[in-house]
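Visitor: Compact mmCIF, C-alpha atoms, saved as run.txt, coming up:
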```txt
# COMPACT_ATOMS: atom_id res chain seq x y z
CA MET A 1 -21.18 2.48 -22.55
CA ASP A 2 -20.76 5.54 -20.35
CA ILE A 3 -21.23 4.72 -16.66
CA LEU A 4 -21.66 6.92 -13.60
CA LEU A 5 -20.76 5.21 -10.34
CA VAL A 6 -22.05 6.96 -7.21
CA GLY A 7 -20.01 6.82 -4.00
CA GLY A 8 -16.48 7.18 -2.75
CA GLY A 9 -15.59 4.30 -0.42
CA GLY A 10 -13.93 0.92 -0.61
CA ARG A 11 -17.08 -0.69 -1.99
CA GLU A 12 -17.17 1.80 -4.84
CA HIS A 13 -13.45 1.39 -5.55
CA SER A 14 -13.95 -2.37 -5.97
CA LEU A 15 -16.99 -1.80 -8.21
CA ALA A 16 -15.00 0.68 -10.30
CA TRP A 17 -12.12 -1.81 -10.50
CA LYS A 18 -14.49 -4.49 -11.80
CA ILE A 19 -16.49 -2.25 -14.15
CA ALA A 20 -13.26 -0.87 -15.63
CA GLN A 21 -12.41 -4.37 -16.87
CA SER A 22 -15.50 -4.50 -19.10
CA PRO A 23 -14.91 -4.40 -22.87
CA GLN A 24 -18.30 -2.66 -23.14
CA LEU A 25 -17.09 0.34 -21.12
CA THR A 26 -16.37 3.63 -22.92
CA ARG A 27 -16.17 6.12 -20.05
CA LEU A 28 -16.38 5.62 -16.28
CA PHE A 29 -17.26 8.54 -14.04
CA CYS A 30 -17.40 8.37 -10.26
CA ALA A 31 -18.97 10.91 -7.91
CA PRO A 32 -17.31 11.82 -5.67
CA GLY A 33 -14.75 9.00 -5.89
CA ASN A 34 -11.44 8.80 -4.02
CA PRO A 35 -7.72 8.75 -4.96
CA GLY A 36 -7.77 5.03 -5.73
CA ILE A 37 -10.84 5.34 -7.94
CA GLY A 38 -9.23 8.35 -9.61
CA GLU A 39 -6.58 6.06 -11.09
CA ILE A 40 -9.21 4.15 -13.14
CA ALA A 41 -12.12 6.59 -13.51
CA ALA A 42 -12.85 10.28 -13.95
CA THR A 43 -13.84 11.53 -10.50
CA VAL A 44 -16.49 14.23 -10.23
CA GLU A 45 -16.88 16.60 -7.28
CA ILE A 46 -20.53 15.86 -6.59
CA ALA A 47 -21.58 14.51 -3.21
CA ASP A 48 -23.31 11.14 -3.31
CA THR A 49 -26.30 12.73 -1.52
CA ASP A 50 -26.67 15.54 -4.09
CA VAL A 51 -29.52 13.92 -6.00
CA GLU A 52 -30.20 16.83 -8.33
CA GLY A 53 -26.51 17.34 -9.05
CA LEU A 54 -26.08 13.66 -9.93
CA VAL A 55 -29.12 13.64 -12.22
CA LYS A 56 -27.95 16.81 -13.95
CA PHE A 57 -24.48 15.35 -14.53
CA ALA A 58 -25.86 12.04 -15.83
CA THR A 59 -28.20 13.87 -18.18
CA SER A 60 -25.68 16.36 -19.55
CA ASN A 61 -23.08 13.63 -20.10
CA ARG A 62 -25.59 11.21 -21.65
CA VAL A 63 -24.72 8.48 -19.19
CA ASP A 64 -26.05 5.05 -20.17
CA LEU A 65 -26.25 3.61 -16.66
CA VAL A 66 -25.94 4.90 -13.10
CA VAL A 67 -24.63 2.40 -10.51
CA VAL A 68 -25.35 3.47 -6.95
CA GLY A 69 -22.98 2.28 -4.21
CA PRO A 70 -24.20 3.70 -0.86
CA GLU A 71 -27.67 3.60 0.66
CA ALA A 72 -28.26 7.29 1.40
CA PRO A 73 -28.89 8.47 -2.20
CA LEU A 74 -31.26 5.54 -2.74
CA ALA A 75 -33.25 6.44 0.37
CA ALA A 76 -33.30 10.04 -0.93
CA GLY A 77 -34.92 8.95 -4.22
CA LEU A 78 -32.03 9.07 -6.69
CA ALA A 79 -33.36 6.10 -8.69
CA ASP A 80 -36.77 7.79 -8.99
CA ARG A 81 -35.28 11.01 -10.33
CA LEU A 82 -33.13 9.10 -12.81
CA ALA A 83 -36.22 7.21 -14.00
CA GLU A 84 -37.93 10.54 -14.68
CA ALA A 85 -34.90 11.43 -16.83
CA ASN A 86 -35.06 8.04 -18.62
CA ILE A 87 -31.65 6.98 -17.31
CA PRO A 88 -31.33 3.35 -16.14
CA CYS A 89 -30.25 2.97 -12.53
CA PHE A 90 -28.80 -0.03 -10.76
CA GLY A 91 -30.46 0.54 -7.41
CA PRO A 92 -33.98 0.51 -5.97
CA SER A 93 -36.58 3.23 -5.92
CA GLN A 94 -37.13 5.23 -2.75
CA ALA A 95 -40.14 3.06 -1.90
CA ALA A 96 -38.22 -0.18 -2.43
CA ALA A 97 -35.18 1.17 -0.54
CA GLN A 98 -37.32 1.04 2.61
CA LEU A 99 -35.97 -2.49 2.89
CA GLU A 100 -32.89 -0.82 4.33
CA ALA A 101 -34.16 2.62 5.29
CA SER A 102 -36.75 1.26 7.75
CA LYS A 103 -36.07 -1.78 9.90
CA GLY A 104 -39.66 -1.70 11.08
CA PHE A 105 -40.88 -1.90 7.48
CA VAL A 106 -38.80 -5.04 6.96
CA LYS A 107 -40.01 -6.68 10.16
CA ASP A 108 -43.64 -6.09 9.20
CA LEU A 109 -42.96 -7.46 5.72
CA CYS A 110 -41.42 -10.60 7.25
CA ARG A 111 -44.48 -11.03 9.45
CA ASP A 112 -46.89 -10.64 6.54
CA TYR A 113 -45.01 -12.98 4.19
CA ASN A 114 -43.90 -15.63 6.70
CA ILE A 115 -40.21 -14.86 6.24
CA PRO A 116 -38.19 -16.34 9.13
CA THR A 117 -36.80 -13.65 11.42
CA ALA A 118 -36.58 -12.70 15.10
CA ALA A 119 -39.64 -11.78 17.17
CA TYR A 120 -39.88 -8.01 17.52
CA GLY A 121 -41.73 -4.86 18.56
CA ARG A 122 -41.75 -1.30 17.13
CA PHE A 123 -41.75 1.74 19.42
CA THR A 124 -41.65 5.53 19.43
CA ALA A 125 -42.27 5.99 23.16
CA PRO A 126 -39.67 4.99 25.78
CA ASP A 127 -42.18 3.75 28.36
CA GLU A 128 -43.79 1.32 25.92
CA ALA A 129 -40.39 0.10 24.75
CA VAL A 130 -39.18 -0.49 28.30
CA ALA A 131 -42.38 -2.38 29.13
CA PHE A 132 -41.81 -4.63 26.10
CA LEU A 133 -38.55 -5.83 27.64
CA ASP A 134 -40.66 -7.83 30.10
CA LYS A 135 -41.60 -10.10 27.18
CA MET A 136 -37.98 -10.69 26.17
CA LYS A 137 -34.89 -12.34 27.62
CA ALA A 138 -31.41 -10.86 27.76
CA PRO A 139 -29.45 -10.09 25.70
CA PHE A 140 -31.72 -7.53 24.00
CA VAL A 141 -31.24 -6.36 20.40
CA ILE A 142 -32.21 -2.71 19.97
CA LYS A 143 -32.10 -1.03 16.57
CA ALA A 144 -32.65 2.48 15.29
CA ASP A 145 -35.33 2.21 12.61
CA GLY A 146 -33.57 4.40 10.05
CA LEU A 147 -30.14 4.67 8.45
CA ALA A 148 -27.32 4.99 10.98
CA ALA A 149 -24.22 4.11 8.91
CA GLY A 150 -24.10 0.56 10.24
CA LYS A 151 -23.85 1.71 13.86
CA GLY A 152 -27.53 1.83 14.88
CA VAL A 153 -27.68 -1.67 16.40
CA ILE A 154 -26.95 -2.23 20.07
CA ILE A 155 -26.87 -5.63 21.77
CA ALA A 156 -27.65 -4.91 25.42
CA GLU A 157 -26.43 -7.64 27.77
CA THR A 158 -28.52 -6.48 30.74
CA ARG A 159 -31.94 -4.97 31.41
CA GLU A 160 -30.29 -1.80 32.72
CA GLU A 161 -28.19 -1.41 29.57
CA ALA A 162 -31.27 -2.03 27.41
CA GLU A 163 -33.28 0.68 29.19
CA ALA A 164 -30.42 3.15 28.85
CA THR A 165 -30.09 2.33 25.14
CA ILE A 166 -33.82 2.84 24.58
CA HIS A 167 -33.70 6.29 26.18
CA ASP A 168 -30.53 7.21 24.27
CA MET A 169 -31.91 6.19 20.88
CA LEU A 170 -35.34 7.71 21.30
CA GLY A 171 -33.66 10.74 22.88
CA GLY A 172 -31.81 11.59 19.68
CA GLN A 173 -28.58 9.55 19.73
CA PHE A 174 -28.99 8.80 16.01
CA GLY A 175 -31.07 11.83 15.09
CA GLY A 176 -34.12 11.15 12.95
CA ALA A 177 -32.92 7.57 12.33
CA GLY A 178 -33.79 6.79 15.94
CA ALA A 179 -37.20 8.45 16.09
CA GLU A 180 -38.56 4.90 16.06
CA ILE A 181 -36.78 1.81 17.36
CA VAL A 182 -37.15 -1.93 16.89
CA ILE A 183 -36.54 -4.33 19.76
CA GLU A 184 -35.82 -7.93 18.74
CA GLU A 185 -35.13 -11.24 20.37
CA PHE A 186 -31.49 -12.26 20.30
CA MET A 187 -30.83 -15.02 17.77
CA GLU A 188 -28.16 -17.62 18.39
CA GLY A 189 -26.09 -18.80 15.44
CA GLU A 190 -23.50 -17.66 12.92
CA GLU A 191 -23.94 -14.59 10.76
CA ALA A 192 -23.49 -14.56 7.00
CA SER A 193 -24.10 -12.06 4.21
CA PHE A 194 -25.85 -13.23 1.03
CA PHE A 195 -26.35 -11.25 -2.15
CA ALA A 196 -28.68 -11.55 -5.13
CA LEU A 197 -29.32 -9.34 -8.14
CA THR A 198 -32.90 -8.70 -9.21
CA ASP A 199 -34.73 -6.66 -11.81
CA GLY A 200 -37.86 -6.73 -9.67
CA TYR A 201 -39.02 -10.09 -11.00
CA SER A 202 -36.13 -12.34 -12.04
CA ILE A 203 -33.42 -13.13 -9.46
CA LEU A 204 -29.76 -14.00 -10.01
CA PRO A 205 -28.14 -15.45 -6.86
CA PHE A 206 -24.61 -14.27 -6.15
CA ILE A 207 -22.54 -15.77 -3.33
CA ALA A 208 -22.12 -15.34 0.41
CA ALA A 209 -19.43 -13.73 2.52
CA GLN A 210 -18.81 -13.14 6.19
CA ASP A 211 -17.59 -9.94 7.79
CA HIS A 212 -16.32 -8.80 11.19
CA LYS A 213 -18.38 -5.97 12.64
CA ARG A 214 -16.68 -5.46 16.00
CA ALA A 215 -13.71 -3.14 16.22
CA PHE A 216 -11.27 -5.37 18.06
CA ASP A 217 -9.92 -8.92 18.14
CA GLY A 218 -12.14 -11.58 19.63
CA ASP A 219 -15.23 -9.75 18.34
CA GLN A 220 -14.85 -7.22 21.13
CA GLY A 221 -15.56 -3.50 21.19
CA PRO A 222 -18.18 -1.39 19.45
CA ASN A 223 -19.86 -2.19 16.16
CA THR A 224 -18.27 -0.70 13.06
CA GLY A 225 -19.05 -0.62 9.37
CA GLY A 226 -16.92 -3.76 9.10
CA MET A 227 -13.27 -4.51 9.91
CA GLY A 228 -12.70 -7.36 7.48
CA ALA A 229 -14.39 -9.98 5.34
CA TYR A 230 -13.86 -13.21 3.47
CA SER A 231 -15.50 -15.46 0.91
CA PRO A 232 -16.46 -18.23 0.54
CA ALA A 233 -18.35 -18.59 3.80
CA PRO A 234 -18.21 -22.29 4.75
CA VAL A 235 -21.30 -22.00 6.97
CA PHE A 236 -23.31 -21.02 3.90
CA THR A 237 -23.77 -24.42 2.26
CA ARG A 238 -25.74 -25.13 -0.92
CA ALA A 239 -28.60 -26.43 1.21
CA ILE A 240 -28.63 -23.17 3.19
CA GLU A 241 -28.58 -21.16 -0.05
CA ASP A 242 -31.58 -23.07 -1.39
CA ARG A 243 -33.52 -22.33 1.79
CA VAL A 244 -32.52 -18.65 1.76
CA MET A 245 -33.70 -18.27 -1.81
CA ALA A 246 -37.00 -20.11 -1.23
CA GLU A 247 -37.85 -18.79 2.24
CA ILE A 248 -36.35 -15.28 2.25
CA ILE A 249 -35.22 -13.78 -1.08
CA GLN A 250 -38.05 -14.94 -3.36
CA PRO A 251 -40.84 -14.00 -0.91
CA THR A 252 -39.26 -10.57 -0.45
CA VAL A 253 -39.10 -9.87 -4.18
CA LYS A 254 -42.75 -11.01 -4.45
CA ALA A 255 -43.73 -8.80 -1.51
CA MET A 256 -42.22 -5.71 -3.13
CA GLN A 257 -44.10 -6.51 -6.35
CA ASP A 258 -47.32 -6.75 -4.36
CA LYS A 259 -46.61 -3.38 -2.76
CA GLY A 260 -46.23 -1.78 -6.18
CA ALA A 261 -42.52 -1.12 -5.62
CA PRO A 262 -40.56 -3.83 -7.48
CA TYR A 263 -37.05 -4.04 -6.09
CA VAL A 264 -34.26 -3.36 -8.60
CA GLY A 265 -30.57 -3.78 -7.83
CA VAL A 266 -28.69 -5.95 -5.38
CA LEU A 267 -30.52 -7.39 -2.39
CA PHE A 268 -28.16 -7.89 0.54
CA ALA A 269 -29.56 -10.21 3.19
CA GLY A 270 -27.87 -10.19 6.58
CA LEU A 271 -28.59 -13.67 7.92
CA MET A 272 -28.30 -15.67 11.11
CA ILE A 273 -27.70 -19.36 10.45
CA THR A 274 -29.47 -20.93 13.44
CA ASP A 275 -30.12 -24.54 14.46
CA ASP A 276 -33.55 -24.09 12.85
CA GLY A 277 -32.11 -22.81 9.60
CA PRO A 278 -31.44 -19.36 8.14
CA LYS A 279 -33.28 -16.32 9.53
CA LEU A 280 -33.21 -12.74 8.29
CA ILE A 281 -31.47 -10.21 10.50
CA GLU A 282 -31.91 -7.26 8.16
CA TYR A 283 -31.78 -6.16 4.54
CA ASN A 284 -29.48 -3.70 2.86
CA ALA A 285 -30.38 -2.06 -0.43
CA ARG A 286 -26.84 -2.15 -1.84
CA PHE A 287 -23.67 -4.22 -1.81
CA GLY A 288 -22.07 -4.66 1.59
CA ASP A 289 -18.92 -2.84 2.55
CA PRO A 290 -16.50 -4.65 2.95
CA GLU A 291 -18.25 -7.74 1.49
CA CYS A 292 -18.52 -6.22 -1.98
CA GLN A 293 -14.76 -6.06 -2.25
CA VAL A 294 -14.27 -9.81 -1.80
CA LEU A 295 -17.17 -10.55 -4.15
CA MET A 296 -15.64 -8.41 -6.90
CA ARG A 297 -12.30 -10.17 -6.47
CA ARG A 298 -13.88 -13.63 -6.75
CA MET A 299 -16.24 -12.81 -9.62
CA LYS A 300 -15.33 -14.10 -13.07
CA GLY A 301 -16.29 -12.33 -16.27
CA ASP A 302 -17.93 -9.01 -17.01
CA ILE A 303 -20.13 -7.41 -14.36
CA LEU A 304 -21.41 -4.58 -16.54
CA PRO A 305 -23.99 -6.59 -18.55
CA LEU A 306 -25.44 -7.92 -15.29
CA LEU A 307 -25.79 -4.46 -13.77
CA LEU A 308 -27.47 -3.18 -16.94
CA ALA A 309 -29.76 -6.21 -17.18
CA ALA A 310 -30.95 -5.71 -13.60
CA ALA A 311 -31.54 -2.00 -14.20
CA THR A 312 -33.50 -2.54 -17.42
CA GLY A 313 -35.66 -5.54 -16.49
CA ASP A 314 -33.69 -8.04 -18.55
CA LEU A 315 -32.04 -10.26 -15.93
CA LYS A 316 -33.85 -13.48 -16.87
CA GLY A 317 -31.48 -16.07 -18.32
CA THR A 318 -28.29 -14.42 -17.07
CA SER A 319 -25.61 -16.27 -15.11
CA VAL A 320 -22.43 -15.58 -13.18
CA ASP A 321 -19.33 -17.66 -12.37
CA TRP A 322 -16.89 -17.43 -9.49
CA HIS A 323 -13.25 -18.24 -8.87
CA ASP A 324 -12.71 -21.23 -6.59
CA ASP A 325 -9.94 -19.37 -4.74
CA ALA A 326 -10.78 -17.70 -1.46
CA CYS A 327 -10.52 -13.97 -0.90
CA ALA A 328 -9.75 -12.21 2.38
CA LEU A 329 -9.97 -8.52 3.21
CA ILE A 330 -8.33 -6.59 6.05
CA VAL A 331 -9.52 -3.08 6.92
CA LEU A 332 -6.87 -0.58 7.97
CA ALA A 333 -8.62 2.03 10.10
CA ALA A 334 -7.57 5.22 11.86
CA GLN A 335 -6.72 4.88 15.55
CA GLY A 336 -9.85 5.69 17.55
CA TYR A 337 -12.34 4.44 14.96
CA PRO A 338 -15.33 4.01 15.30
CA GLY A 339 -15.06 6.79 17.86
CA LYS A 340 -13.09 10.01 17.51
CA TYR A 341 -10.13 9.80 15.15
CA GLU A 342 -7.67 12.16 13.49
CA LYS A 343 -7.41 12.89 9.78
CA GLY A 344 -4.37 13.90 7.76
CA SER A 345 -1.74 11.33 8.78
CA ARG A 346 0.60 10.28 5.97
CA ILE A 347 0.29 6.79 4.46
CA LYS A 348 3.26 5.26 2.61
CA ARG A 349 4.06 2.16 0.54
CA VAL A 350 0.48 1.44 -0.56
CA ARG A 351 1.72 0.81 -4.10
CA ASP A 352 4.27 -1.68 -2.79
CA ALA A 353 1.50 -3.64 -1.10
CA ALA A 354 -0.73 -3.50 -4.18
CA ALA A 355 2.11 -4.83 -6.33
CA MET A 356 2.27 -8.10 -4.40
CA PRO A 357 0.92 -11.11 -6.37
CA GLY A 358 -2.78 -11.72 -5.73
CA VAL A 359 -3.23 -8.46 -3.80
CA GLU A 360 -5.47 -5.50 -4.56
CA VAL A 361 -5.74 -2.46 -2.29
CA PHE A 362 -9.00 -0.54 -2.37
CA HIS A 363 -9.14 3.01 -1.01
CA ALA A 364 -11.94 3.83 1.43
CA GLY A 365 -11.06 7.02 3.32
CA THR A 366 -8.02 8.58 1.67
CA LYS A 367 -7.06 11.94 0.22
CA LEU A 368 -4.23 13.18 -2.00
CA THR A 369 -2.34 16.23 -0.76
CA ASP A 370 0.94 17.94 -1.62
CA ASP A 371 2.53 15.64 0.96
CA GLY A 372 1.12 12.53 -0.70
CA LEU A 373 -1.60 10.12 0.38
CA VAL A 374 -3.20 10.84 3.76
CA ALA A 375 -5.98 9.37 5.88
CA ASN A 376 -9.33 11.08 5.45
CA GLY A 377 -11.80 8.82 7.22
CA GLY A 378 -12.35 6.10 9.78
CA ARG A 379 -11.94 3.05 7.59
CA VAL A 380 -9.09 4.07 5.32
CA LEU A 381 -7.78 1.15 3.24
CA ASN A 382 -9.10 -2.28 2.28
CA ILE A 383 -6.34 -4.83 1.61
CA THR A 384 -7.61 -7.86 -0.32
CA ALA A 385 -5.79 -11.03 -1.30
CA MET A 386 -6.70 -14.21 -3.18
CA GLY A 387 -5.39 -17.68 -2.39
CA PRO A 388 -6.19 -21.36 -3.00
CA THR A 389 -7.37 -21.64 0.63
CA GLY A 390 -8.67 -19.20 3.18
CA LYS A 391 -5.46 -19.63 5.17
CA ASP A 392 -3.36 -18.66 2.14
CA ALA A 393 -5.54 -15.64 1.34
CA ILE A 394 -5.53 -14.37 4.92
CA ALA A 395 -1.77 -14.77 5.33
CA LYS A 396 -1.14 -12.97 2.04
CA ALA A 397 -3.45 -10.10 3.05
CA TYR A 398 -1.64 -9.63 6.36
CA ARG A 399 1.73 -9.62 4.60
CA ALA A 400 0.43 -6.81 2.41
CA VAL A 401 -0.85 -4.95 5.48
CA ASP A 402 2.60 -5.21 7.07
CA THR A 403 4.11 -3.66 3.93
CA ILE A 404 2.10 -0.46 4.34
CA ASP A 405 3.74 2.26 6.44
CA TRP A 406 1.05 3.99 8.50
CA PRO A 407 1.77 4.18 12.26
CA GLU A 408 -1.54 5.95 12.93
CA GLY A 409 -3.58 3.02 11.58
CA PHE A 410 -4.71 -0.25 13.11
CA CYS A 411 -6.42 -3.46 12.07
CA ARG A 412 -7.82 -6.57 13.67
CA GLN A 413 -5.36 -9.45 13.76
CA ASP A 414 -7.95 -12.25 13.73
CA ILE A 415 -9.84 -11.71 10.47
CA GLY A 416 -11.15 -15.01 9.13
CA TRP A 417 -10.90 -16.97 12.37
CA ARG A 418 -14.09 -18.92 11.65
CA LEU A 419 -12.85 -19.79 8.17
CA LEU A 420 -9.47 -20.92 9.53
CA ALA A 421 -11.12 -23.07 12.20
CA ARG A 422 -13.23 -24.87 9.61
CA GLU A 423 -10.28 -25.39 7.28
CA GLU A 424 -8.30 -26.93 10.13
CA VAL A 425 -11.14 -29.37 10.78
```
For this file, write the structure as structure tokens.
Guide:
Amino acid sequence: MDILLVGGGGREHSLAWKIAQSPQLTRLFCAPGNPGIGEIAATVEIADTDVEGLVKFATSNRVDLVVVGPEAPLAAGLADRLAEANIPCFGPSQAAAQLEASKGFVKDLCRDYNIPTAAYGRFTAPDEAVAFLDKMKAPFVIKADGLAAGKGVIIAETREEAEATIHDMLGGQFGGAGAEIVIEEFMEGEEASFFALTDGYSILPFIAAQDHKRAFDGDQGPNTGGMGAYSPAPVFTRAIEDRVMAEIIQPTVKAMQDKGAPYVGVLFAGLMITDDGPKLIEYNARFGDPECQVLMRRMKGDILPLLLAAATGDLKGTSVDWHDDACALIVLAAQGYPGKYEKGSRIKRVRDAAAMPGVEVFHAGTKLTDDGLVANGGRVLNITAMGPTGKDAIAKAYRAVDTIDWPEGFCRQDIGWRLLAREEV
């Protein structure tokens, strides 16, 4: 099979790494890719948002399946254009991608289908949004309705901060993504990320992971795209999984059928595990980043048949197995991220780290120059490690991080603290 993978981050590197292991694979293309992906796939200089360019490439190269990594091309209708060209796509249609592209759409769907989630309101006018705060208690959760690269959620600790956030968002802080906002009640509990594949009708549960969204140790600092992750997630028990499937995932797949937009691809549920059980925080229409990386490391067997089955409506009867070992991931980011950061600093000894037993390094924001590998983004490298326990995996990942020579980078030093606390108990 000839496969086109769309995207160029750490998530896509891990997907390429897993797809490349398939005996069914003939050729693997990736657009635009990155230096790490370039070692296992043919990279193509087409932006992941260039829908027409991607369709033209897939058509001219007779690609058998397109696997979409990031959310932006899905929201732009890439799957729809590929369907018109009779090319299977692992990823939802533009209408179904509203599950990520519009937080208000998801909240209304939860209301209509009795899916447990936080109480909320939707607003386009600042005065109405500020007045709604009277019905809530601090802290306040304020979200840009549209896609904001994982940074469009603000938890305001005070009324004053909430009002300022409302005016900032509706005043253009996130561009068109913030033309409408959602204000939610703050949910107490522990967050987890759960994933399931679906062809629009049948559902194949994957596993859960937990990530670290804040930039600094102790879950301090601004939200990021994710500074680390691990799996398994001890908080996500089998009983919790059964409830998530019955109360959240299955009703959502049914809802999208009812709306005439069956959801195809991976459904990523961001969850809060509360005292009352699991509640939906939000949906993403693709694998998480960095959660995908730990899932790919723990997954046994061939992923390619599952991706194709989901894309072609043939997922019923499929199954997937997982390694018992834990996997931990540490993000190496450029100093200043998620704010202003510099590009172009030299990174050394990545191959030495990747050569360590049980370690894989996935590139996220790198570039090859005449001087060698340099930083070319905010989140730059994803260091993953497997181990019989979470403690072993985390320690191994940090040893690999210490092997890499990049003074301009930083990472959190407390990745996996919840996992370690539970293992100690």
Visitor: Given the choices A:Ile19, A:Val294, A:Ile330, A:Val361, which gets closest to Tyr398 of chain A if the distance is worked out from only C-alpha atoms?
Guide: A:Ile330
Visitor: Compare A:Ile115, A:Ala75, A:Leu109, A:Ala47 by their minimum atom-to-atom distance to Glu247 of chain A, counting all atoms listed in the file, and give me the closest one.
Guide: A:Ile115
Visitor: Give as a PyMOL selection string the set of residues within 10 Å of the point (-8.2, -3.6, 10.6), where distances use the file's coordinates and all atoms listed in the file.
Guide: chain A and resi 212+215-217+226-228+329-335+379-383+398+401+409-415
Visitor: Restricted to C-alpha atoms, what would the selected residues look like written as an mmCIF file, keeping the file's coordinate frame?
Guide:
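File out.cif, as written:
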```cif
data_model
loop_
_atom_site.group_PDB
_atom_site.id
_atom_site.type_symbol
_atom_site.label_atom_id
_atom_site.label_comp_id
_atom_site.auth_asym_id
_atom_site.auth_seq_id
_atom_site.Cartn_x
_atom_site.Cartn_y
_atom_site.Cartn_z
ATOM 1 C CA HIS A 212 -16.320 -8.800 11.190
ATOM 2 C CA ALA A 215 -13.710 -3.140 16.220
ATOM 3 C CA PHE A 216 -11.270 -5.370 18.060
ATOM 4 C CA ASP A 217 -9.920 -8.920 18.140
ATOM 5 C CA GLY A 226 -16.920 -3.760 9.100
ATOM 6 C CA MET A 227 -13.270 -4.510 9.910
ATOM 7 C CA GLY A 228 -12.700 -7.360 7.480
ATOM 8 C CA LEU A 329 -9.970 -8.520 3.210
ATOM 9 C CA ILE A 330 -8.330 -6.590 6.050
ATOM 10 C CA VAL A 331 -9.520 -3.080 6.920
ATOM 11 C CA LEU A 332 -6.870 -0.580 7.970
ATOM 12 C CA ALA A 333 -8.620 2.030 10.100
ATOM 13 C CA ALA A 334 -7.570 5.220 11.860
ATOM 14 C CA GLN A 335 -6.720 4.880 15.550
ATOM 15 C CA ARG A 379 -11.940 3.050 7.590
ATOM 16 C CA VAL A 380 -9.090 4.070 5.320
ATOM 17 C CA LEU A 381 -7.780 1.150 3.240
ATOM 18 C CA ASN A 382 -9.100 -2.280 2.280
ATOM 19 C CA ILE A 383 -6.340 -4.830 1.610
ATOM 20 C CA TYR A 398 -1.640 -9.630 6.360
ATOM 21 C CA VAL A 401 -0.850 -4.950 5.480
ATOM 22 C CA GLY A 409 -3.580 3.020 11.580
ATOM 23 C CA PHE A 410 -4.710 -0.250 13.110
ATOM 24 C CA CYS A 411 -6.420 -3.460 12.070
ATOM 25 C CA ARG A 412 -7.820 -6.570 13.670
ATOM 26 C CA GLN A 413 -5.360 -9.450 13.760
ATOM 27 C CA ASP A 414 -7.950 -12.250 13.730
ATOM 28 C CA ILE A 415 -9.840 -11.710 10.470
#
```
Visitor: When you draw a straight line from atom CA of Ser319 of chain A to atom CA of Glu12 of chain A, how long is it in Å?
Guide: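 Atom-to-atom, atom CA of Ser319 of chain A and atom CA of Glu12 of chain A are spaced 22.4 Å apart.
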Visitor: Separation of atom CA of Leu82 of chain A and atom CA of Val55 of chain A, in Å?
Guide: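 Computing the Euclidean distance for atom CA of Leu82 of chain A and atom CA of Val55 of chain A yields 6.1 Å.
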Visitor: How many Å lie between atom CA of Val264 of chain A and atom CA of Ala179 of chain A, rounded to one decimal?
Guide: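 Spanning atom CA of Val264 of chain A to atom CA of Ala179 of chain A is a straight-line distance of 27.5 Å.
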Visitor: Identify the residues around (-17.3, 0.8, -2.3) within a radius of 9 Å, measuring from all atoms listed in the file in the coordinates stated by the file, and give them as a ChimeraX atom specification.
Guide: /A:7-16,69-70,287-290,292-293,362-364
Visitor: Give me, as a PyMOL selection string, all polymer residues having an atom no more than 7 Å from Glu184 of chain A, counting all atoms listed in the file and skipping those fewer than 6 positions away in the same chain.
Guide: chain A and resi 118-121+140-142
Visitor: Identify, on the basis of all atoms listed in the file, every residue whose closest approach to Ile203 of chain A does not exceed 8 Å; exclude the query and any residue fewer than 6 positions from it along the same chain; express the result as a PyMOL selection string.
Guide: chain A and resi 196-197+250+315-316
Visitor: List as a PyMOL selection string the protein and nucleic acid residues near Glu52 of chain A, meaning an atom at most 12 Å away when all atoms listed in the file are counted, but skip any in the same chain fewer than 2 places from it.
Guide: chain A and resi 46-50+54-59+73+76-82+84-85
Visitor: Counting all atoms listed in the file, what is within 9 Å of Arg346 of chain A, bar same-chain residues fewer than 2 positions away, as an MDAnalysis selection string?
Guide: chainID A and resid 344 348 371:375 405:408
Visitor: Measuring atom to atom with only C-alpha atoms, identify which of A:Arg159, A:Lys343, A:Arg111, A:Lys279 is nearest to Ala192 of chain A.
Guide: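 Going through A:Arg159, A:Lys343, A:Arg111, A:Lys279 one by one, the smallest distance to Ala192 of chain A is for A:Lys279.
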Visitor: Between A:Val266, A:Thr274, A:Ser231, A:Gly313, which residue has the minimum interatomic distance to Lys391 of chain A, considering all atoms listed in the file?
Guide: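 So, comparing all the options, the nearest one is A:Ser231.
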Visitor: With all atoms listed in the file as the basis for distance, which of A:Gly104, A:Gly200, A:Gly301, A:Gly146 is at the shortest distance from Gly176 of chain A?
Guide: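 Answer, going by the shortest atom-to-atom distance: A:Gly146.
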Visitor: Which residue gives the smallest distance to Pro92 of chain A among A:Glu342, A:Asp134, A:Glu161, A:Asp199, with all atoms listed in the file counted?
Guide: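 Ranking A:Glu342, A:Asp134, A:Glu161, A:Asp199 by distance to Pro92 of chain A, first place goes to A:Asp199.
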